[in-house]
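Okay, data_22.cif is below, mmCIF, C-alpha atoms:
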```cif
data_protein
loop_
_atom_site.label_atom_id
_atom_site.label_comp_id
_atom_site.auth_asym_id
_atom_site.auth_seq_id
_atom_site.Cartn_x
_atom_site.Cartn_y
_atom_site.Cartn_z
CA MET A 1 0.00 0.00 0.00
CA ARG A 2 2.75 2.40 1.06
CA ILE A 3 4.80 1.53 -2.03
CA THR A 4 1.82 2.43 -4.23
CA GLN A 5 1.42 5.78 -2.46
CA ASN A 6 5.10 6.60 -2.90
CA THR A 7 4.93 5.70 -6.56
CA ASP A 8 1.90 7.97 -6.98
CA ALA A 9 3.71 10.84 -5.26
CA MET A 10 6.75 10.35 -7.50
CA LYS A 11 4.50 10.36 -10.53
CA ILE A 12 2.93 13.66 -9.42
CA ILE A 13 6.35 15.19 -8.80
CA GLY A 14 7.47 13.90 -12.15
CA LYS A 15 4.51 15.56 -13.84
CA LEU A 16 5.15 18.85 -12.08
CA ARG A 17 8.94 18.84 -12.35
CA ILE A 18 9.16 21.77 -14.74
CA ILE A 19 6.91 23.91 -12.59
CA LEU A 20 8.77 22.90 -9.43
CA LEU A 21 12.08 23.69 -11.09
CA MET A 22 10.84 27.12 -12.12
CA ALA A 23 9.52 27.77 -8.61
CA ALA A 24 12.90 26.75 -7.16
CA ILE A 25 14.72 29.13 -9.52
CA LEU A 26 12.36 31.97 -8.65
CA PHE A 27 12.76 31.25 -4.95
CA ALA A 28 16.54 31.29 -5.29
CA GLY A 29 16.26 34.60 -7.15
CA MET A 30 14.15 36.03 -4.36
CA VAL A 31 16.64 34.96 -1.70
CA TYR A 32 19.55 36.38 -3.72
CA LYS A 33 17.79 39.71 -4.19
CA THR A 34 17.01 39.97 -0.49
CA MET A 35 20.60 39.09 0.44
CA GLN A 36 21.98 41.75 -1.92
CA SER A 37 20.33 44.69 -0.19
CA GLY A 38 20.28 43.04 3.22
CA ALA A 39 23.57 44.63 4.29
CA TRP A 40 21.86 47.95 4.96
CA ARG A 41 21.01 48.48 8.60
CA GLY A 42 19.96 52.13 8.83
CA LYS A 43 16.98 54.03 7.52
CA ALA A 44 17.36 56.80 4.96
CA ASP A 45 15.14 59.17 6.90
CA GLU A 46 17.20 58.86 10.07
CA ALA A 47 20.36 59.75 8.16
CA GLY A 48 18.57 62.69 6.54
CA LYS A 49 17.48 64.07 9.90
CA MET A 50 21.00 63.76 11.31
CA VAL A 51 22.46 65.63 8.34
CA GLU A 52 19.81 68.33 8.65
CA ALA A 53 20.66 68.78 12.32
CA GLY A 54 24.39 68.93 11.50
CA GLU A 55 25.03 65.98 13.83
CA CYS A 56 27.39 64.31 11.41
CA PHE A 57 30.23 66.82 11.82
CA ILE A 58 33.02 67.19 14.32
CA ASP A 59 35.63 69.95 14.33
CA LEU A 60 39.26 69.85 15.40
CA GLN A 61 38.37 71.14 18.85
CA GLY A 62 35.83 68.35 19.33
CA LEU A 63 38.39 65.87 18.10
CA ARG A 64 40.99 67.11 20.54
CA GLU A 65 38.54 66.94 23.44
CA SER A 66 37.31 63.45 22.54
CA LYS A 67 37.82 61.05 25.43
CA GLU A 68 37.30 57.99 23.26
CA PRO A 69 40.04 56.65 21.00
CA VAL A 70 39.78 58.11 17.50
CA LEU A 71 40.54 56.50 14.17
CA LEU A 72 40.83 58.80 11.16
CA LEU A 73 39.40 57.43 7.94
CA LYS A 74 41.12 59.20 5.10
CA VAL A 75 38.81 58.88 2.12
CA GLY A 76 40.33 59.52 -1.29
CA GLU A 77 43.38 61.66 -1.83
CA THR A 78 43.55 63.92 1.18
CA THR A 79 46.01 66.71 1.71
CA SER A 80 48.03 66.62 4.89
CA ASP A 81 46.57 68.90 7.52
CA SER A 82 49.29 70.17 9.80
CA LEU A 83 46.93 70.75 12.75
CA LEU A 84 45.47 67.29 12.40
CA HIS A 85 48.97 65.85 12.09
CA LEU A 86 49.85 67.33 15.48
CA LEU A 87 47.22 65.19 17.18
CA HIS A 88 49.10 62.00 16.19
CA LEU A 89 45.93 60.02 15.65
CA PRO A 90 45.91 56.60 14.03
CA GLU A 91 44.60 56.68 10.49
CA LYS A 92 43.38 54.37 7.79
CA GLN A 93 43.47 55.18 4.09
CA LEU A 94 40.32 54.15 2.21
CA THR A 95 38.47 54.70 -0.99
CA ILE A 96 34.69 54.93 -1.13
CA SER A 97 34.63 51.55 -2.86
CA ASP A 98 36.33 50.02 0.20
CA LEU A 99 33.27 50.83 2.29
CA ALA A 100 31.36 48.13 0.43
CA ASP A 101 33.96 45.54 1.42
CA ARG A 102 32.56 43.33 4.18
CA VAL A 103 35.97 42.62 5.72
CA ILE A 104 36.87 46.32 5.98
CA LEU A 105 33.44 47.12 7.34
CA LYS A 106 33.78 44.42 9.97
CA GLU A 107 37.18 45.85 10.94
CA LEU A 108 35.72 49.33 11.30
CA LYS A 109 32.84 48.11 13.41
CA ALA A 110 35.19 46.14 15.65
CA SER A 111 37.73 48.96 16.00
CA GLY A 112 36.00 50.32 19.12
CA SER A 113 37.14 53.80 18.13
CA ARG A 114 35.28 56.92 17.20
CA LEU A 115 35.62 57.07 13.42
CA VAL A 116 36.29 60.43 11.85
CA ILE A 117 36.10 60.78 8.08
CA VAL A 118 38.69 63.06 6.54
CA ALA A 119 38.04 63.73 2.85
CA ALA A 120 39.56 66.15 0.38
CA ALA A 121 36.15 66.98 -1.03
CA ARG A 122 33.25 67.61 1.32
CA SER A 123 30.86 65.82 -1.01
CA GLU A 124 33.03 62.71 -0.86
CA GLY A 125 33.03 62.83 2.95
CA MET A 126 29.26 63.18 2.99
CA LYS A 127 28.76 60.20 0.67
CA ALA A 128 31.05 58.09 2.86
CA TRP A 129 29.13 59.19 5.96
CA ILE A 130 25.77 58.25 4.45
CA MET A 131 27.11 54.85 3.40
CA LEU A 132 28.59 54.09 6.82
CA HIS A 133 25.39 55.20 8.55
CA GLN A 134 23.28 52.93 6.38
CA LEU A 135 25.69 50.05 6.88
CA GLY A 136 25.11 50.24 10.62
CA VAL A 137 28.41 51.76 11.80
CA LYS A 138 28.07 53.68 15.07
CA ASP A 139 29.85 56.75 16.45
CA PHE A 140 31.40 58.29 13.36
CA TYR A 141 31.69 61.82 12.04
CA ILE A 142 33.01 63.94 9.20
CA LEU A 143 35.85 66.24 10.12
CA SER A 144 34.81 69.78 9.30
CA SER A 145 37.77 72.05 8.92
CA GLY A 146 37.00 75.66 9.68
CA GLU A 147 33.65 76.50 8.16
CA GLY A 148 31.69 73.67 9.82
CA TYR A 149 28.33 72.73 8.42
CA ASP A 150 28.30 74.48 5.07
CA GLU A 151 24.61 75.24 5.00
CA ALA A 152 24.37 78.88 6.03
CA LEU A 153 22.95 81.23 3.42
CA LYS A 154 25.61 83.84 2.86
CA ASN A 155 23.34 86.41 1.22
CA ARG A 156 19.99 87.78 2.19
CA PHE A 157 17.12 88.24 -0.24
CA ARG A 158 14.70 91.09 0.26
CA PRO A 159 11.61 90.83 -1.91
CA GLU A 160 10.02 93.73 -3.78
CA GLU A 161 13.09 95.89 -3.55
CA GLU A 162 15.87 96.71 -5.91
CA PHE A 163 17.93 93.60 -5.28
CA LYS A 164 21.35 93.99 -3.79
CA PRO A 165 22.88 90.96 -2.18
CA GLU A 166 24.09 91.73 1.30
CA PRO A 167 26.53 89.64 3.24
CA GLU A 168 24.71 88.18 6.23
CA ASN A 169 25.73 89.95 9.43
CA ARG A 170 26.45 87.06 11.76
CA GLU A 171 26.33 89.20 14.90
CA SER A 172 22.81 90.54 14.32
CA MET B 1 -8.22 21.93 -14.65
CA ASN B 2 -6.45 19.35 -12.53
CA PRO B 3 -6.28 20.62 -8.90
CA ARG B 4 -2.58 19.80 -8.72
CA ILE B 5 -1.85 22.00 -11.68
CA ARG B 6 -3.98 24.73 -10.16
CA ILE B 7 -1.99 24.57 -6.92
CA SER B 8 1.30 24.59 -8.83
CA LEU B 9 0.24 27.61 -10.88
CA PHE B 10 -0.83 29.39 -7.71
CA LEU B 11 2.58 28.71 -6.10
CA LEU B 12 4.37 29.89 -9.21
CA LEU B 13 2.39 33.14 -9.35
CA ALA B 14 2.96 33.67 -5.62
CA CYS B 15 6.72 33.33 -6.17
CA ILE B 16 6.66 35.86 -9.00
CA PHE B 17 4.60 38.22 -6.88
CA LEU B 18 7.03 37.90 -3.96
CA ILE B 19 9.98 38.70 -6.19
CA PHE B 20 8.63 41.69 -8.03
CA PHE B 21 5.75 43.20 -6.14
CA THR B 22 6.31 42.75 -2.45
CA ALA B 23 6.08 45.94 -0.44
CA ARG B 24 9.60 46.61 0.69
CA GLU B 25 10.27 48.19 4.00
CA SER B 26 10.07 51.88 3.30
CA GLY B 27 13.15 53.98 3.86
CA ARG B 28 15.67 51.17 3.46
CA PHE B 29 18.28 51.24 0.72
CA ARG B 30 17.48 49.04 -2.26
CA VAL B 31 20.71 48.97 -4.22
CA THR B 32 23.68 46.87 -3.19
CA PRO B 33 26.55 48.44 -1.21
CA ALA B 34 28.89 47.68 -4.14
CA TYR B 35 26.60 49.51 -6.56
CA LEU B 36 26.31 52.55 -4.30
CA ALA B 37 30.06 52.62 -3.70
CA ALA B 38 30.67 52.50 -7.46
CA TRP B 39 28.14 55.26 -7.99
CA ALA B 40 29.70 57.41 -5.26
CA SER B 41 33.18 56.97 -6.74
CA THR B 42 32.20 58.00 -10.24
CA ASP B 43 29.34 60.29 -9.43
CA THR B 44 28.65 62.77 -12.21
CA SER B 45 25.17 63.71 -11.05
CA VAL B 46 25.98 67.38 -10.60
CA VAL B 47 24.49 70.26 -12.56
CA THR B 48 25.80 73.80 -12.55
CA VAL B 49 23.84 76.91 -11.63
CA ASP B 50 23.92 77.98 -15.28
CA ALA B 51 22.35 74.68 -16.33
CA VAL B 52 19.56 75.28 -13.81
CA VAL B 53 19.15 78.81 -15.20
CA ARG B 54 18.73 77.33 -18.68
CA PHE B 55 16.18 74.76 -17.46
CA LEU B 56 14.19 77.51 -15.74
CA LEU B 57 14.19 79.94 -18.63
CA GLU B 58 13.44 77.31 -21.23
CA GLU B 59 10.92 75.69 -18.88
CA THR B 60 12.40 72.32 -19.81
CA PRO B 61 9.76 69.64 -19.23
CA GLY B 62 10.48 66.95 -16.65
CA ILE B 63 12.75 69.11 -14.49
CA LEU B 64 11.86 69.04 -10.82
CA LEU B 65 13.78 71.28 -8.43
CA VAL B 66 13.82 69.83 -4.93
CA ASP B 67 14.65 72.11 -2.03
CA VAL B 68 15.95 70.16 0.96
CA ARG B 69 16.47 73.14 3.25
CA GLU B 70 14.50 73.92 6.39
CA GLU B 71 11.02 75.34 5.97
CA GLY B 72 11.96 78.88 7.04
CA ALA B 73 14.70 79.12 4.41
CA PHE B 74 12.37 77.76 1.73
CA THR B 75 9.63 80.25 2.62
CA GLU B 76 12.09 83.13 2.55
CA ASN B 77 13.28 82.35 -0.96
CA SER B 78 13.44 79.39 -3.27
CA LEU B 79 14.13 78.66 -6.89
CA PRO B 80 11.07 79.25 -9.09
CA GLY B 81 8.84 76.19 -9.22
CA ALA B 82 10.81 74.26 -6.60
CA ILE B 83 9.11 71.96 -4.12
CA ARG B 84 10.36 71.32 -0.61
CA ILE B 85 11.09 67.86 0.68
CA PRO B 86 12.61 67.75 4.18
CA MET B 87 15.83 65.77 4.50
CA GLY B 88 14.10 63.40 6.88
CA LYS B 89 11.49 62.50 4.27
CA ILE B 90 13.59 61.63 1.23
CA GLY B 91 12.76 57.96 1.73
CA ALA B 92 9.10 58.50 2.61
CA PRO B 93 6.65 56.53 0.43
CA GLU B 94 4.64 59.66 -0.44
CA PHE B 95 7.62 61.10 -2.35
CA ARG B 96 8.72 57.89 -4.05
CA ASP B 97 6.84 58.43 -7.30
CA LEU B 98 7.89 62.05 -7.42
CA LEU B 99 11.59 61.35 -6.93
CA ASN B 100 11.90 58.19 -8.94
CA GLY B 101 11.36 58.42 -12.66
CA ARG B 102 12.65 57.04 -15.90
CA THR B 103 12.69 60.43 -17.58
CA GLY B 104 13.43 64.01 -16.62
CA LYS B 105 15.72 65.24 -13.90
CA ARG B 106 15.18 65.75 -10.21
CA ILE B 107 17.66 68.35 -8.97
CA PHE B 108 18.29 68.63 -5.23
CA TYR B 109 19.60 71.87 -3.82
CA SER B 110 20.30 73.35 -0.41
CA ASN B 111 22.25 76.42 0.73
CA GLY B 112 25.61 74.73 0.20
CA ASP B 113 26.71 71.29 -0.93
CA ASP B 114 26.35 69.21 2.24
CA ALA B 115 22.61 68.62 2.48
CA SER B 116 22.10 68.27 -1.28
CA THR B 117 24.93 65.70 -1.52
CA ALA B 118 23.37 63.77 1.36
CA ALA B 119 19.94 63.92 -0.31
CA LEU B 120 21.40 62.77 -3.62
CA THR B 121 23.25 59.87 -1.97
CA LEU B 122 20.10 58.83 -0.14
CA ALA B 123 18.13 58.97 -3.39
CA ALA B 124 20.78 56.89 -5.16
CA GLY B 125 20.72 54.34 -2.33
CA LEU B 126 16.95 54.13 -2.51
CA GLY B 127 17.34 53.28 -6.18
CA TYR B 128 15.82 56.51 -7.51
CA ARG B 129 16.92 57.27 -11.03
CA ASN B 130 17.75 60.56 -12.74
CA CYS B 131 18.56 62.46 -9.56
CA TYR B 132 21.09 65.29 -9.55
CA ARG B 133 22.22 68.11 -7.32
CA MET B 134 22.95 71.77 -8.03
CA ALA B 135 26.62 72.45 -7.33
CA GLY B 136 27.13 75.08 -4.66
CA GLY B 137 23.43 75.37 -3.81
CA MET B 138 21.75 78.70 -3.11
CA ASN B 139 25.06 80.32 -2.17
CA ALA B 140 26.33 79.60 -5.68
CA TRP B 141 23.00 80.81 -7.10
CA PHE B 142 23.41 84.15 -5.32
CA GLU B 143 27.02 84.46 -6.42
CA THR B 144 26.39 83.48 -10.04
CA VAL B 145 22.94 84.82 -10.79
CA MET B 146 21.93 87.45 -8.26
CA ASN B 147 25.41 88.99 -8.23
CA ALA B 148 25.99 88.63 -11.98
CA SER B 149 27.88 91.54 -13.48
CA PHE B 150 30.37 92.30 -16.22
CA SER B 151 33.32 94.54 -15.62
CA GLY B 152 35.43 94.20 -18.73
CA GLU B 153 35.50 96.43 -21.80
CA ARG B 154 34.61 93.95 -24.49
CA ILE B 155 32.21 91.09 -24.19
CA SER B 156 32.10 88.04 -26.40
CA ALA B 157 28.83 86.73 -27.83
CA LYS B 158 29.03 83.70 -25.55
CA GLU B 159 29.61 85.78 -22.42
CA ASN B 160 26.82 88.11 -23.47
CA ALA B 161 24.37 85.24 -23.87
CA LEU B 162 25.37 83.82 -20.50
CA LEU B 163 25.02 87.15 -18.76
CA THR B 164 21.67 87.85 -20.42
CA SER B 165 20.27 84.52 -19.24
CA ARG B 166 21.58 85.16 -15.72
CA PHE B 167 19.91 88.59 -15.65
CA GLU B 168 16.67 87.08 -16.87
CA ALA B 169 16.86 84.35 -14.21
CA ARG B 170 17.51 87.02 -11.61
CA ARG B 171 14.35 88.90 -12.66
CA LEU B 172 12.38 85.67 -12.53
CA PHE B 173 13.74 84.83 -9.07
CA ILE B 174 12.90 88.28 -7.70
CA ARG B 175 9.40 88.25 -9.18
CA TYR B 176 8.73 84.72 -7.98
CA ASN B 177 9.88 85.33 -4.43
CA SER B 178 8.03 88.65 -4.19
CA LEU B 179 4.72 86.93 -4.90
CA PRO B 180 2.48 85.50 -2.20
CA ASP B 181 2.65 81.70 -2.02
CA SER B 182 -0.80 81.30 -3.58
CA LEU B 183 0.28 83.11 -6.76
CA LYS B 184 3.70 81.49 -7.16
CA PRO B 185 2.51 78.53 -9.24
CA GLN B 186 1.02 80.93 -11.80
CA ILE B 187 4.29 82.65 -12.63
CA PHE B 188 5.16 80.28 -15.47
CA ALA B 189 1.71 80.71 -17.05
CA ALA B 190 2.20 84.48 -16.82
CA ARG B 191 5.60 84.18 -18.50
CA GLN B 192 4.10 82.18 -21.36
CA LEU B 193 1.43 84.84 -21.83
CA GLU B 194 4.07 87.55 -21.87
CA ARG B 195 6.07 85.65 -24.48
CA LYS B 196 3.02 85.24 -26.68
CA LYS B 197 2.36 88.98 -26.52
CA LEU B 198 5.98 89.74 -27.40
CA ASP B 199 5.77 87.32 -30.33
CA GLY B 200 2.76 89.22 -31.63
CA GLY B 201 0.21 86.56 -30.74
CA CYS B 202 -3.09 87.31 -29.15
CA GLU B 203 -5.29 85.67 -26.53
#
```
Translate the structure of the given file into structure tokens.
Amino acid sequence: MRITQNTDAMKIIGKLRIILLMAAILFAGMVYKTMQSGAWRGKADEAGKMVEAGECFIDLQGLRESKEPVLLLKVGETTSDSLLHLLHLPEKQLTISDLADRVILKELKASGSRLVIVAAARSEGMKAWIMLHQLGVKDFYILSSGEGYDEALKNRFRPEEEFKPEPENRES
Amino acid sequence: MNPRIRISLFLLLACIFLIFFTARESGRFRVTPAYLAAWASTDTSVVTVDAVVRFLLEETPGILLVDVREEGAFTENSLPGAIRIPMGKIGAPEFRDLLNGRTGKRIFYSNGDDASTAALTLAAGLGYRNCYRMAGGMNAWFETVMNASFSGERISAKENALLTSRFEARRLFIRYNSLPDSLKPQIFAARQLERKKLDGGCE
């Protein structure tokens, strides 16, 4: 009796083998697709809010006063900053592409240091920051040299008047 | 139809549905880290202020200017026709269709380069296509357009054309930002009417 049942089941599987094969391929595709974007840990909106609040920047003073160990991440071709050099902080040279490397990412997460991104171009630093945030790295900043968060409007617009741009008076 | 075949077809369709149409968790990146890293390394999604001037004056279809500054700054002045999307809402489902498109250009801008670069990177991570940012933001706009002047003795045809378009954009910016919010959307219709009159057409 059991042998007959097994034979029937095999026959059914045999009849449906093409469909089962297709389902298996589609399932594998689904798993692969999920795995591909599964490395992201953060949410885009959280990163956006942090950038808006300027929470992603640290200046030299903040770096000097940091009680935690600091690791400088030099992204791209950076120029040597004499003030930064004086702090004698450990550094790691990276490219943006390296941030997608799982081994490097694991190293950064396990470093136990406050990570500070130093980039020649601000836009490059910002891209690296967004990537690290979304990859779930904690306690990391972009080093802002001098001007800080570059989002202040330097001219004022006065509507319905003969337009003359005026430098913003920071004291008023 | 044989019930077994029906069940198999149902499973097959369910698999296809799961792959292509499942609601993904909103606000999470969709591209792979390797793709985003490659994009970030070779990013050319930057447009100049003069390109934005040209889009505005020619009213190029499919161009969407996205202001990612705080509300106060946007209310005070913004590029003509721009919409505001807060930085914390770039990944929100309500803006997905607006920011993701096969055609046209969505150009992010802020006062400088920081917020617009962040917005562009977030958009790229979310898999949105055809997104750009305006280099230098509003500070570059003020320097290039609102402060546009010529101090030399002779001007070439190219420089003249550039300066003329900057002056025209400046007029448009002043007019747009002097209008109450309710009238701002009508400025482009008014410009078209003006052009028709200048061309000798009638309404």
Each chain A residue no farther than 8 Å from chain B, nearest pair in Å, all atoms listed in the file, as CSV:
```
residue,atom,partner,partner_atom,distance
A:Leu16,CA,B:Ser8,CA,7.6
A:Ile19,CA,B:Ser8,CA,6.8
A:Leu20,CA,B:Ser8,CA,7.7
A:Met22,CA,B:Leu12,CA,7.6
A:Ala23,CA,B:Leu12,CA,5.6
A:Leu26,CA,B:Cys15,CA,6.3
A:Phe27,CA,B:Cys15,CA,6.5
A:Gly29,CA,B:Ile19,CA,7.6
A:Met30,CA,B:Ile19,CA,5.3
A:Gln36,CA,B:Thr32,CA,5.5
A:Ser37,CA,B:Thr32,CA,5.0
A:Ala39,CA,B:Pro33,CA,7.3
A:Trp40,CA,B:Phe29,CA,6.5
A:Arg41,CA,B:Arg28,CA,7.9
A:Gly42,CA,B:Arg28,CA,6.9
A:Lys43,CA,B:Arg28,CA,5.1
A:Ala44,CA,B:Gly27,CA,5.2
A:Asp45,CA,B:Gly88,CA,4.4
A:Glu46,CA,B:Gly88,CA,6.4
A:Ala47,CA,B:Gly88,CA,7.4
A:Gly48,CA,B:Gly88,CA,4.5
A:Lys49,CA,B:Gly88,CA,4.6
A:Val51,CA,B:Ala115,CA,6.6
A:Glu52,CA,B:Met87,CA,6.3
A:Ile96,CA,B:Ala37,CA,5.8
A:Ser97,CA,B:Ala37,CA,4.8
A:Asp98,CA,B:Ala37,CA,7.8
A:Leu99,CA,B:Ala37,CA,7.0
A:Ala100,CA,B:Pro33,CA,5.1
A:Asp101,CA,B:Ala34,CA,7.8
A:Arg122,CA,B:Asp114,CA,7.1
A:Ser123,CA,B:Thr117,CA,6.0
A:Glu124,CA,B:Ala40,CA,7.7
A:Met126,CA,B:Ala118,CA,6.1
A:Lys127,CA,B:Thr121,CA,6.1
A:Ile130,CA,B:Ala118,CA,6.8
A:Met131,CA,B:Pro33,CA,7.9
A:Gln134,CA,B:Phe29,CA,7.7
A:Tyr149,CA,B:Asp114,CA,7.4
A:Asp150,CA,B:Gly112,CA,5.6
A:Glu151,CA,B:Gly112,CA,4.9
A:Ala152,CA,B:Asn111,CA,6.2
A:Leu153,CA,B:Asn111,CA,5.6
A:Lys154,CA,B:Asn139,CA,6.2
A:Asn155,CA,B:Phe142,CA,6.9
A:Phe157,CA,B:Asn77,CA,7.1
A:Pro159,CA,B:Ser178,CA,4.8
A:Glu160,CA,B:Ser178,CA,5.5
A:Phe163,CA,B:Ile174,CA,7.7
A:Lys164,CA,B:Asn147,CA,7.8
A:Pro165,CA,B:Asn147,CA,6.8
```
Requested in this report: Name the residues captured by the PyMOL selection byres ((chain A and resi 56) around 10) when it is applied to the shown file; answer as a PyMOL selection string.
Outcome: chain A and resi 47+50-55+57-58+116-117+126+129-130+133+139-144+149
Query raised in the report: Taking all atoms listed in the file into account, which of A:Lys106, A:Glu68, A:Leu63, A:Arg158 comes nearest Leu87 (chain A)?
Result: A:Leu63
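Here CA of Leu73 (chain A) is placed at a distance of 10.4 Å from CA of Leu89 (chain A).
From CA of Val118 (chain A) back to CA of Lys74 (chain A), the distance works out to 4.8 Å.
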Query raised in the report: Given the file above and the PyMOL selection byres ((chain B and resi 164-168) around 12), which residues are selected, and can you give them as a PyMOL selection string?
Result: (chain A and resi 163) or (chain B and resi 49-58+141-150+155+157-163+169-175+191)
